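Below: one structure, written as structure tokens.
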Amino acid sequence: MAFELPKLQYAYDALEPHIDARTMEIHHTKHHAGYTNNLNNAIAGSALENQSIEDILTNLDMSNMAVRNNGGGFFNHSLFWEIMNPEDKGRLSGPLKEAIEAEYGSFDGFKEAFSKAAATRFGSGWAWLCVHKGGRVEICSSPNQDNPLMPGVGCDGYPILGLDVWEHAYYLNYQNRRPDYISAFFNVINWNEVERRYNMHK
Ligand code: MN
């Protein structure tokens, strides 16, 4: 069964002015669609064809670059769209808030650490907030389309929040100003969805 490009749950312009419509449209219909098609081509006829994307990434042979790059790209962007929301963003609360404060002292401490991970990832990649079994959270980053589900990548937990810091994610609106894009991202995080993922995977 082939993987399908997920539909966005909001319009391309819904995250403006923080993320512009043109960037969203290209990112979804060109980049994410490309990863999805290339993943399907890479697994066609192989034993991976009937596995979930989580199983594919968790058990990945890291030398299989086609599945590593495109399976990562498929999963990472599917998560990225869902943890953003233009409207009912909710507020960080409950057990996730407590776990973040236990690790980073305060929300501001978390924001600073996450922003640093995103800003200092050289070249293309992602910043992540992961949850470990038991509920502890950890920030890390990964290069290219790698993610923490893959063997030996990042903080080895389950990613519940991710930020794409490839230039294609921000260059039209922010050019080389990655820190401004990172700051803007915090205005569109869907904390209800991040909390849902935390509770599911802790
Ligand atoms: Mn991207």
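FYI, nothing fancy with the structure tokens labels: chains A, B, ... in order, residues from 1 per chain, ligands from 1 as they appear.
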
Original post:
So which residues of region 6-198 of chain A fall under helix (DSSP H, G or I) by DSSP, listed as a VMD selection string?
Top reply: chain A and resid 21 to 43 47 to 50 53 to 58 65 to 82 94 to 104 107 to 120 167 to 169 171 to 174 178 to 185 191 to 198

Same residues, C-alpha atoms, output as an mmCIF file, in the first residue's frame:
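Below you can see selection29.cif, which holds the result:
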data_model
loop_
_atom_site.group_PDB
_atom_site.id
_atom_site.type_symbol
_atom_site.label_atom_id
_atom_site.label_comp_id
_atom_site.auth_asym_id
_atom_site.auth_seq_id
_atom_site.Cartn_x
_atom_site.Cartn_y
_atom_site.Cartn_z
ATOM 1 C CA ALA A 21 1.215 31.005 1.863
ATOM 2 C CA ARG A 22 3.634 30.621 -1.058
ATOM 3 C CA THR A 23 6.185 28.852 1.136
ATOM 4 C CA MET A 24 3.494 26.577 2.570
ATOM 5 C CA GLU A 25 2.144 25.664 -0.850
ATOM 6 C CA ILE A 26 5.534 24.866 -2.387
ATOM 7 C CA HIS A 27 6.627 23.054 0.756
ATOM 8 C CA HIS A 28 3.553 20.815 0.747
ATOM 9 C CA THR A 29 2.851 20.274 -2.965
ATOM 10 C CA LYS A 30 6.466 20.072 -4.164
ATOM 11 C CA HIS A 31 8.802 19.077 -1.343
ATOM 12 C CA HIS A 32 6.549 16.846 0.750
ATOM 13 C CA ALA A 33 4.919 15.369 -2.338
ATOM 14 C CA GLY A 34 8.370 14.630 -3.725
ATOM 15 C CA TYR A 35 9.484 12.795 -0.590
ATOM 16 C CA THR A 36 6.237 10.812 -0.622
ATOM 17 C CA ASN A 37 6.569 9.740 -4.259
ATOM 18 C CA ASN A 38 10.242 8.899 -3.883
ATOM 19 C CA LEU A 39 9.564 6.868 -0.743
ATOM 20 C CA ASN A 40 6.934 4.854 -2.582
ATOM 21 C CA ASN A 41 9.338 4.234 -5.445
ATOM 22 C CA ALA A 42 12.106 3.232 -3.029
ATOM 23 C CA ILE A 43 10.035 0.602 -1.184
ATOM 24 C CA ALA A 47 9.616 -6.081 2.351
ATOM 25 C CA LEU A 48 9.149 -2.489 3.546
ATOM 26 C CA GLU A 49 6.104 -1.990 1.373
ATOM 27 C CA ASN A 50 3.536 -3.132 3.926
ATOM 28 C CA ILE A 53 6.367 4.531 8.455
ATOM 29 C CA GLU A 54 7.318 4.292 12.158
ATOM 30 C CA ASP A 55 8.406 0.651 11.713
ATOM 31 C CA ILE A 56 10.353 1.501 8.566
ATOM 32 C CA LEU A 57 12.272 4.300 10.300
ATOM 33 C CA THR A 58 12.814 2.492 13.615
ATOM 34 C CA MET A 65 19.822 6.450 1.516
ATOM 35 C CA ALA A 66 16.663 6.484 -0.621
ATOM 36 C CA VAL A 67 14.468 5.271 2.251
ATOM 37 C CA ARG A 68 16.424 7.256 4.839
ATOM 38 C CA ASN A 69 16.014 10.575 3.000
ATOM 39 C CA ASN A 70 12.505 10.106 1.652
ATOM 40 C CA GLY A 71 11.022 8.089 4.508
ATOM 41 C CA GLY A 72 12.381 10.716 6.871
ATOM 42 C CA GLY A 73 11.036 13.482 4.656
ATOM 43 C CA PHE A 74 7.607 11.865 4.509
ATOM 44 C CA PHE A 75 7.363 11.362 8.274
ATOM 45 C CA ASN A 76 8.949 14.681 9.298
ATOM 46 C CA HIS A 77 6.660 16.862 7.198
ATOM 47 C CA SER A 78 3.543 14.876 8.157
ATOM 48 C CA LEU A 79 4.378 15.690 11.781
ATOM 49 C CA PHE A 80 5.311 19.299 11.008
ATOM 50 C CA TRP A 81 1.923 20.202 9.479
ATOM 51 C CA GLU A 82 0.036 18.707 12.402
ATOM 52 C CA GLY A 94 -0.588 19.454 32.295
ATOM 53 C CA PRO A 95 2.043 16.684 32.334
ATOM 54 C CA LEU A 96 3.919 18.015 29.292
ATOM 55 C CA LYS A 97 4.280 21.435 30.894
ATOM 56 C CA GLU A 98 5.601 19.786 34.041
ATOM 57 C CA ALA A 99 8.060 17.648 32.065
ATOM 58 C CA ILE A 100 9.357 20.671 30.141
ATOM 59 C CA GLU A 101 9.777 22.700 33.317
ATOM 60 C CA ALA A 102 11.525 19.790 35.039
ATOM 61 C CA GLU A 103 14.072 19.616 32.231
ATOM 62 C CA TYR A 104 14.470 23.268 31.229
ATOM 63 C CA PHE A 107 8.920 27.597 29.272
ATOM 64 C CA ASP A 108 11.371 30.376 28.432
ATOM 65 C CA GLY A 109 14.263 28.059 29.212
ATOM 66 C CA PHE A 110 12.774 25.481 26.870
ATOM 67 C CA LYS A 111 12.194 28.052 24.137
ATOM 68 C CA GLU A 112 15.790 29.216 24.387
ATOM 69 C CA ALA A 113 17.195 25.676 24.232
ATOM 70 C CA PHE A 114 14.938 24.606 21.351
ATOM 71 C CA SER A 115 15.700 27.792 19.409
ATOM 72 C CA LYS A 116 19.421 27.250 19.897
ATOM 73 C CA ALA A 117 19.166 23.664 18.627
ATOM 74 C CA ALA A 118 17.316 24.929 15.543
ATOM 75 C CA ALA A 119 19.641 27.882 14.937
ATOM 76 C CA THR A 120 22.890 25.947 15.327
ATOM 77 C CA GLU A 167 16.103 26.888 3.705
ATOM 78 C CA HIS A 168 13.068 25.786 1.651
ATOM 79 C CA ALA A 169 11.012 26.176 4.828
ATOM 80 C CA TYR A 171 13.827 31.429 2.505
ATOM 81 C CA LEU A 172 11.076 33.208 0.510
ATOM 82 C CA ASN A 173 9.911 35.202 3.510
ATOM 83 C CA TYR A 174 12.941 35.317 5.790
ATOM 84 C CA ARG A 178 16.690 31.699 10.285
ATOM 85 C CA PRO A 179 16.434 33.067 13.859
ATOM 86 C CA ASP A 180 13.418 35.211 12.872
ATOM 87 C CA TYR A 181 11.697 32.155 11.376
ATOM 88 C CA ILE A 182 12.401 30.136 14.518
ATOM 89 C CA SER A 183 10.946 32.897 16.660
ATOM 90 C CA ALA A 184 7.843 33.103 14.450
ATOM 91 C CA PHE A 185 7.317 29.337 14.670
ATOM 92 C CA TRP A 191 0.212 22.671 21.822
ATOM 93 C CA ASN A 192 -2.927 20.549 21.984
ATOM 94 C CA GLU A 193 -1.447 18.266 19.337
ATOM 95 C CA VAL A 194 2.014 18.214 20.933
ATOM 96 C CA GLU A 195 0.409 17.262 24.247
ATOM 97 C CA ARG A 196 -1.611 14.538 22.562
ATOM 98 C CA ARG A 197 1.599 13.073 21.143
ATOM 99 C CA TYR A 198 3.349 13.369 24.499
#

Original post:
Which residue, A:Val131, A:Gly125, A:Met150, A:Arg136, has the smallest gap to ligand 1 when you use only C-alpha atoms and all ligand atoms?
Top reply: A:Gly125

Original post:
Looking only at the backbone, which of the residues in region 9-195 of chain A does DSSP tag as strand (DSSP E or B), as number ranges by chain?
Top reply: A: 84, 125-131, 137-143, 158-164, 189
